[in-house]
Structures are given as structure tokens and as C-alpha cells.
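Source file query-v8.txt; content: compact mmCIF, C-alpha atoms.
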# COMPACT_ATOMS: atom_id res chain seq x y z
CA MET A 273 -80.19 123.51 106.61
CA LEU A 274 -78.72 126.72 105.19
CA ARG A 275 -76.63 126.34 102.05
CA SER A 276 -74.35 129.13 103.25
CA LEU A 277 -73.24 126.94 106.15
CA TYR A 278 -71.80 124.30 103.83
CA SER A 279 -70.39 126.94 101.49
CA GLY A 280 -68.49 128.44 104.39
CA VAL A 281 -67.12 125.04 105.38
CA SER A 282 -65.91 124.35 101.84
CA GLY A 283 -64.28 127.79 101.74
CA MET A 284 -62.44 127.19 105.01
CA ARG A 285 -61.18 123.83 103.77
CA GLY A 286 -59.99 125.36 100.52
CA PHE A 287 -58.10 128.22 102.17
CA GLN A 288 -56.63 125.81 104.70
CA THR A 289 -55.13 123.83 101.81
CA LYS A 290 -53.88 127.07 100.27
CA LEU A 291 -52.16 127.96 103.54
CA ASP A 292 -50.59 124.49 103.62
CA VAL A 293 -49.11 125.02 100.15
CA ILE A 294 -47.91 128.53 101.00
CA GLY A 295 -46.29 127.24 104.19
CA ASN A 296 -44.41 124.58 102.23
CA ASN A 297 -43.26 127.17 99.69
CA ILE A 298 -41.92 129.47 102.38
CA ALA A 299 -40.21 126.60 104.18
CA ASN A 300 -38.34 125.75 100.95
CA VAL A 301 -37.35 129.32 100.07
CA ASN A 302 -33.66 128.33 100.29
CA THR A 303 -33.94 124.78 98.91
CA ILE A 304 -31.73 124.18 95.86
CA GLY A 305 -33.75 123.57 92.70
CA PHE A 306 -37.12 123.79 94.50
CA LYS A 307 -40.17 124.75 92.46
CA GLY A 308 -43.04 126.39 94.30
CA SER A 309 -46.69 125.42 93.99
CA ARG A 310 -49.93 127.34 93.72
CA VAL A 311 -53.56 126.48 94.53
CA MET A 312 -56.38 127.08 92.05
CA PHE A 313 -60.06 126.98 93.06
CA LYS A 314 -63.26 126.19 91.21
CA ASP A 315 -66.90 126.58 92.17
CA ILE A 316 -69.05 123.58 93.01
CA LEU A 317 -72.13 122.73 90.94
CA SER A 318 -74.84 125.36 91.50
CA GLN A 319 -78.39 124.54 92.53
CA THR A 320 -81.01 125.82 90.09
CA VAL A 321 -83.92 127.51 91.85
CA ALA A 322 -85.71 128.57 88.68
CA GLY A 323 -84.95 127.59 85.12
CA VAL A 324 -84.46 129.58 81.95
CA SER A 325 -87.39 130.71 79.81
CA ALA A 326 -86.90 131.74 76.20
CA PRO A 327 -88.38 134.97 74.82
CA ASP A 328 -91.58 134.76 72.77
CA GLU A 329 -93.87 137.18 70.93
CA ASN A 330 -95.45 138.55 74.11
CA ARG A 331 -92.60 138.74 76.62
CA GLY A 332 -88.85 138.60 76.93
CA GLY A 333 -86.70 135.78 78.22
CA VAL A 334 -85.90 135.12 81.87
CA ASN A 335 -82.49 134.07 83.13
CA ALA A 336 -81.98 131.10 85.40
CA GLN A 337 -81.81 131.55 89.16
CA GLN A 338 -78.93 129.57 90.62
CA VAL A 339 -77.35 129.40 94.07
CA GLY A 340 -73.73 128.29 94.37
CA LEU A 341 -72.88 125.44 96.72
CA GLY A 342 -69.34 126.42 97.66
CA VAL A 343 -65.81 125.97 96.39
CA SER A 344 -63.43 123.09 95.76
CA LEU A 345 -59.83 122.63 94.65
CA ALA A 346 -59.29 122.83 90.90
CA ALA A 347 -55.56 122.14 90.90
CA ILE A 348 -52.33 122.39 92.86
CA ASP A 349 -49.85 123.38 90.16
CA THR A 350 -46.08 123.22 90.37
CA VAL A 351 -44.63 126.40 88.86
CA HIS A 352 -41.47 125.54 86.91
CA THR A 353 -40.08 129.02 86.39
CA ALA A 354 -36.31 129.37 86.72
CA GLY A 355 -34.85 130.13 90.13
CA SER A 356 -32.08 132.62 90.77
CA ALA A 357 -28.46 131.59 90.22
CA MET A 358 -26.03 131.28 93.13
CA THR A 359 -22.33 131.31 92.33
CA THR A 360 -20.32 128.74 94.30
CA ASN A 361 -17.20 128.34 92.10
CA VAL A 362 -17.32 124.60 92.82
CA PRO A 363 -16.62 122.78 89.50
CA THR A 364 -19.11 120.00 90.20
CA ASP A 365 -21.95 122.40 91.03
CA LEU A 366 -24.12 122.67 87.91
CA ARG A 367 -27.08 124.78 86.85
CA VAL A 368 -29.31 124.14 83.84
CA ASN A 369 -29.59 127.41 81.95
CA GLY A 370 -32.92 126.77 80.25
CA ASP A 371 -35.20 123.76 80.03
CA GLY A 372 -34.30 120.29 81.21
CA PHE A 373 -33.58 118.18 84.26
CA PHE A 374 -30.60 116.21 85.48
CA ALA A 375 -31.13 112.43 85.54
CA VAL A 376 -30.03 110.67 88.74
CA GLY A 377 -30.60 107.21 90.16
CA THR A 378 -29.13 103.96 91.35
CA LEU A 379 -27.48 101.44 89.05
CA ASP A 380 -30.85 99.66 88.83
CA GLN A 381 -32.50 102.86 87.56
CA VAL A 382 -30.46 103.51 84.44
CA ASP A 383 -33.56 103.16 82.23
CA ALA A 384 -35.91 105.00 84.60
CA PRO A 385 -33.93 107.58 86.60
CA PHE A 386 -35.29 110.33 88.79
CA LEU A 387 -35.22 113.94 87.59
CA THR A 388 -33.93 116.96 89.47
CA ARG A 389 -32.92 120.59 89.02
CA ALA A 390 -30.58 120.47 92.02
CA GLY A 391 -27.04 120.27 90.64
CA ASN A 392 -25.00 120.08 93.86
CA PHE A 393 -22.93 117.10 92.74
CA THR A 394 -19.75 115.60 94.15
CA VAL A 395 -17.25 112.87 93.22
CA ASP A 396 -17.30 109.88 95.58
CA PRO A 397 -14.24 107.71 96.47
CA THR A 398 -14.94 105.41 93.50
CA ARG A 399 -14.86 108.48 91.19
CA ASN A 400 -18.60 108.38 90.48
CA LEU A 401 -20.39 111.70 90.05
CA VAL A 402 -23.23 111.61 92.57
CA ASN A 403 -25.75 113.95 94.18
CA ALA A 404 -26.17 114.66 97.90
CA GLU A 405 -28.20 111.45 98.33
CA GLY A 406 -25.55 109.29 96.68
CA LEU A 407 -27.53 108.78 93.47
CA HIS A 408 -25.50 108.47 90.28
CA VAL A 409 -25.62 111.28 87.73
CA MET A 410 -26.53 109.84 84.33
CA GLY A 411 -24.70 110.60 81.10
CA ALA A 412 -26.10 111.81 77.79
CA ASP A 413 -27.52 109.42 75.19
CA ASN A 414 -28.52 107.01 77.98
CA ALA A 415 -24.84 106.18 78.54
CA GLY A 416 -25.36 105.35 82.20
CA PRO A 417 -23.64 106.75 85.29
CA ILE A 418 -20.85 109.31 84.96
CA VAL A 419 -17.48 107.94 86.10
CA ILE A 420 -14.33 110.07 86.12
CA PRO A 421 -11.37 108.12 84.63
CA ASP A 422 -8.56 107.13 87.01
CA ASP A 423 -5.85 108.96 85.03
CA ILE A 424 -7.60 112.33 85.42
CA VAL A 425 -6.25 114.55 88.20
CA SER A 426 -8.64 117.47 87.61
CA PHE A 427 -11.53 118.28 85.30
CA SER A 428 -13.98 120.93 84.22
CA ILE A 429 -17.48 120.71 82.74
CA SER A 430 -18.35 122.60 79.57
CA GLN A 431 -21.69 124.14 78.62
CA ASN A 432 -22.59 121.18 76.42
CA GLY A 433 -21.93 118.72 79.25
CA ASP A 434 -18.52 117.44 78.15
CA ILE A 435 -16.16 116.60 81.02
CA ILE A 436 -12.73 117.92 80.04
CA GLY A 437 -9.95 116.40 82.12
CA VAL A 438 -6.29 117.09 82.84
CA ASN A 439 -4.00 114.07 83.23
CA ALA A 440 -0.83 113.71 85.31
CA ASP A 441 1.27 115.09 82.46
CA GLY A 442 -0.76 118.29 82.41
CA GLU A 443 -2.39 117.46 79.10
CA THR A 444 -6.01 118.37 78.44
CA VAL A 445 -8.06 115.41 77.29
CA ASN A 446 -11.72 114.72 76.58
CA THR A 447 -12.85 112.02 79.00
CA GLY A 448 -15.64 110.90 76.68
CA GLN A 449 -18.11 111.52 79.52
CA LYS A 450 -21.03 113.90 78.90
CA ILE A 451 -23.58 114.89 81.54
CA GLY A 452 -27.11 114.30 80.32
CA VAL A 453 -30.19 116.48 80.48
CA VAL A 454 -33.80 115.31 80.10
CA LYS A 455 -36.35 117.50 78.32
CA VAL A 456 -39.89 117.11 79.66
CA VAL A 457 -42.87 118.26 77.59
CA ASN A 458 -45.05 119.08 80.61
CA PRO A 459 -42.87 119.65 83.71
CA ALA A 460 -45.95 120.43 85.80
CA GLY A 461 -47.02 116.82 85.28
CA LEU A 462 -43.99 115.46 87.15
CA GLU A 463 -44.55 113.95 90.58
CA LYS A 464 -42.58 115.26 93.53
CA ILE A 465 -41.14 112.41 95.60
CA GLY A 466 -38.98 114.41 98.02
CA GLY A 467 -35.25 114.97 98.16
CA ASN A 468 -35.43 117.54 95.32
CA LEU A 469 -36.42 114.66 93.02
CA TYR A 470 -39.21 114.22 90.47
CA GLN A 471 -40.68 111.07 88.99
CA MET A 472 -41.92 110.76 85.43
CA THR A 473 -45.67 110.35 84.96
CA ALA A 474 -47.96 109.70 82.00
CA ASN A 475 -49.03 113.35 81.99
CA ALA A 476 -45.48 114.71 81.85
CA ASN A 477 -44.25 113.10 78.65
CA PRO A 478 -46.00 111.47 75.67
CA GLU A 479 -43.51 108.59 75.84
CA PRO A 480 -42.98 106.75 79.14
CA GLU A 481 -39.31 106.08 78.34
CA ILE A 482 -36.91 108.72 79.67
CA VAL A 483 -34.45 109.89 77.01
CA VAL A 484 -31.32 111.41 78.53
CA GLY A 485 -30.08 113.83 75.89
CA ALA A 486 -27.24 116.31 75.57
CA PRO A 487 -27.33 119.83 77.03
CA GLY A 488 -27.75 122.66 74.57
CA ASP A 489 -29.31 120.47 71.88
CA PRO A 490 -31.27 122.75 69.48
CA GLU A 491 -33.40 119.83 68.26
CA THR A 492 -34.75 118.95 71.70
CA GLY A 493 -34.49 122.44 73.22
CA THR A 494 -32.48 121.46 76.27
CA GLY A 495 -30.66 124.19 78.17
CA THR A 496 -26.91 124.52 78.54
CA LEU A 497 -24.94 123.82 81.71
CA VAL A 498 -23.25 126.44 83.87
CA SER A 499 -20.47 125.06 86.06
CA GLY A 500 -19.79 126.65 89.43
CA GLN A 501 -23.40 127.76 89.93
CA LEU A 502 -26.55 126.35 91.52
CA GLU A 503 -30.20 127.11 90.82
CA MET A 504 -31.93 128.29 93.95
CA SER A 505 -35.62 128.08 94.82
CA ASN A 506 -38.02 130.03 92.61
CA VAL A 507 -40.20 130.97 95.60
CA ASP A 508 -40.88 134.71 95.80
CA LEU A 509 -41.36 135.66 99.45
CA THR A 510 -43.16 138.89 98.59
CA GLY A 511 -45.76 137.03 96.55
CA GLU A 512 -46.08 134.25 99.13
CA PHE A 513 -46.71 136.70 101.99
CA THR A 514 -49.32 138.48 99.87
CA GLU A 515 -51.08 135.19 99.11
CA MET A 516 -50.86 134.25 102.79
CA ILE A 517 -52.70 137.44 103.77
CA ILE A 518 -55.37 136.74 101.14
CA ALA A 519 -55.76 133.15 102.37
CA GLN A 520 -55.96 134.29 105.99
CA ARG A 521 -58.65 136.86 105.23
CA GLY A 522 -60.54 134.36 103.10
CA PHE A 523 -60.46 131.84 105.95
CA GLN A 524 -61.72 134.47 108.39
CA ALA A 525 -64.50 135.58 106.02
CA ASN A 526 -65.72 132.02 105.54
CA SER A 527 -65.66 131.42 109.29
CA ARG A 528 -67.82 134.54 109.65
CA ILE A 529 -70.29 133.02 107.17
CA ILE A 530 -70.57 129.96 109.40
CA THR A 531 -71.02 132.13 112.49
CA THR A 532 -73.74 134.22 110.82
CA SER A 533 -75.52 131.11 109.53
CA ASP A 534 -75.45 129.66 113.03
CA GLN A 535 -77.00 132.86 114.43
CA ILE A 536 -79.79 132.68 111.85
CA LEU A 537 -80.51 129.06 112.77
CA GLN A 538 -80.56 130.06 116.42
CA GLU A 539 -83.16 132.73 115.65
CA VAL A 540 -85.27 130.10 113.87
CA VAL A 541 -85.04 127.81 116.91
CA ASN A 542 -86.07 130.70 119.20
CA LEU A 543 -89.22 131.42 117.18
CA LYS A 544 -91.19 128.85 119.18
CA GLN A 545 -90.41 130.51 122.50
For the file at hand, write its structure as C-alpha cells.
Amino acid sequence: MLRSLYSGVSGMRGFQTKLDVIGNNIANVNTIGFKGSRVMFKDILSQTVAGVSAPDENRGGVNAQQVGLGVSLAAIDTVHTAGSAMTTNVPTDLRVNGDGFFAVGTLDQVDAPFLTRAGNFTVDPTRNLVNAEGLHVMGADNAGPIVIPDDIVSFSISQNGDIIGVNADGETVNTGQKIGVVKVVNPAGLEKIGGNLYQMTANANPEPEIVVGAPGDPETGTGTLVSGQLEMSNVDLTGEFTEMIIAQRGFQANSRIITTSDQILQEVVNLKQ
């Protein structure tokens, strides 16, 4: 059987996966805190037709003759570049200006929360700061969920995560609550679990324990917080459409390889007639 036939099949499969990733990126072009993905390819082990011969006193060396056997997926990377900022003027909307993720989770996940870049938070009836899914926003220094004190009638959030409140007497007080940010060594190693959430993996951090630190910490390199803004998707439609055209043409070219290989096999079959 022709090697080109299987090479064409592997190419079609690879570009089909690339189109799947591009389609997901485009679908999430307006998703808050979404990070787009990219597909990287690698060649499959080549078949050696003739080996290498070293040069000697009488003649020069001869290079190896190898035929490639197709393509396979090398990686599907999540690109963690910053998305554009959208101003909402909502005090509980937060954007991380720099590196870091918000830590959110249920009360049973204080030690192992989920991570997210989506900062569209609200205050529920029990005065807990939660995300759109009702998960608690965790405080700095692993202090647990953020709870707004009952005597606070309004509040603002500073760049370092401090929640500054105003009581019924109009006095400005520090609530003692600080929104936490988690610094991840290898953000691309995080696992997407849906709902704008990530889960820590062994390839994302050297230590499995999640340390919820303070925003704007120069020792850990966490970014500061910007209140009244949200980080939008980092998907670039121009780049995605360009990659989609490349993937489409690559798929068509590989399908042509299969068609041509089939025609050659048909000619071989017709030789006996």
C-alpha cells in the first residue's frame, strides 16, 4: 500500500483537530477571561530506505534516504497572554493587571480552589463575594472565603486587594478582607474544566499545594487588581481566520493526496486488463 495514502489520512486528522481548536477559540471570542489555544504538529518517525555511509579514502559519504510517514499532534497549548480590558464601572468587577489567577471554590475547597481570570464577581444575600457560578472568592494568605462585614454599607477594592468599606456613620474602615491571587509557574500546564475555571496539575506548579497570595506582591510577582474592569478573551479574530484558511487548505491538500494515491492504485489494478 502507498505510504502517501496514510500520510494524507494523518494530515487530514491533524488539520481537523486544528479546525476544532480554532472553532472553539472563535466561539469564545467574547468569553470573559478566556485564553485561546493553538495546535502544534510534529512529523511521525520516518522510514529509512537506505542508510548512511561514512566517507573513506576513495569516495565521499552518502546521506540516508528516508521517507516520512505523516504527521501527528505535538501539543495543544493554551496561550496565556493578557486579554483586552473592558471598563464596566462595577466595583466588584476585577481584572488582574499582570500575572496571577483568582481562587474560587466551595467551602470544601478552601485548600484546593479552582483558578480563574474571570473577575465578574457579585455579593450574594449572605454578603459572600462569589462568582457567576456561586463559588466563593478566596482571600489572601489562604484566609478562606471573602465575606463583607454586616456593618459595611458600601465598599471599594484597592489595587493590592484590600476591601475598604464605609460604615453607616460614613467612616472609612479597613474590613480586614483582602482578595487573593495565585501565581502559577507554568500557566499552560493548568487544566481547563469549563466555566472559565482551571484546575491545578503537577505540570503547572512545583508544589501541589495552592498558595493564595496578595496582589501586587513583588516577591511572588503577582499582578495588581483593577476594580471596575474585566479581562476579555485574548482571541484575535484576524489571526484565527488566517489559521482557519491555512487549516482548510491543508485539509484540502491532504485529501488531494488521498485522491491521487487512489488513482495510482487504480492504475495498478488496471494493469492486468
* **Two-atom distance - atom CA of A:Val457, atom CA of A:Met410 (Å)** => 19.6 Å
* Distance in Å - atom CA of A:Pro363 versus atom CA of A:Pro487 -> 16.7 Å
* Take atom CA of A:Ala346 and atom CA of A:Thr289 and report the distance between them in Å, one decimal. =>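 According to the coordinates, atom CA of A:Ala346 and atom CA of A:Thr289 are separated by 11.7 Å.
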* Residue list as number ranges by chain for point (-48.1, 132.5, 103.1), cut-off 7 Å, all atoms listed in the file -> A: 291, 294-295, 298, 512-517
Output C-alpha atoms for every residue in the selection just made, as a compact mmCIF listing (two decimals), in the frame of the given file.
# COMPACT_ATOMS: atom_id res chain seq x y z
CA LEU A 291 -52.16 127.96 103.54
CA ILE A 294 -47.91 128.53 101.00
CA GLY A 295 -46.29 127.24 104.19
CA ILE A 298 -41.92 129.47 102.38
CA GLU A 512 -46.08 134.25 99.13
CA PHE A 513 -46.71 136.70 101.99
CA THR A 514 -49.32 138.48 99.87
CA GLU A 515 -51.08 135.19 99.11
CA MET A 516 -50.86 134.25 102.79
CA ILE A 517 -52.70 137.44 103.77
* To do: Using all atoms listed in the file, determine which residues lie at most 12 Å from stretch 377-386 of chain A, disregarding the query and same-chain residues fewer than 6 positions distant; provide the list as a VMD selection string.
  => chain A and resid 400 to 418 452 to 454 462 to 473 480 to 484
* To do: Just the residues within 10 Å of A:Phe287, please, counting only C-alpha atoms, with nothing from its chain fewer than 6 positions along; format it as a PyMOL selection string.
  => chain A and resi 293+311+313+343-345+516+518-524+526
* Would you mind listing what lies within 9 Å of A:Gly488 as a ChimeraX atom specification, with all atoms listed in the file counted and same-chain residues fewer than 3 positions away left out? => /A:369-370,431-433,453,491-497
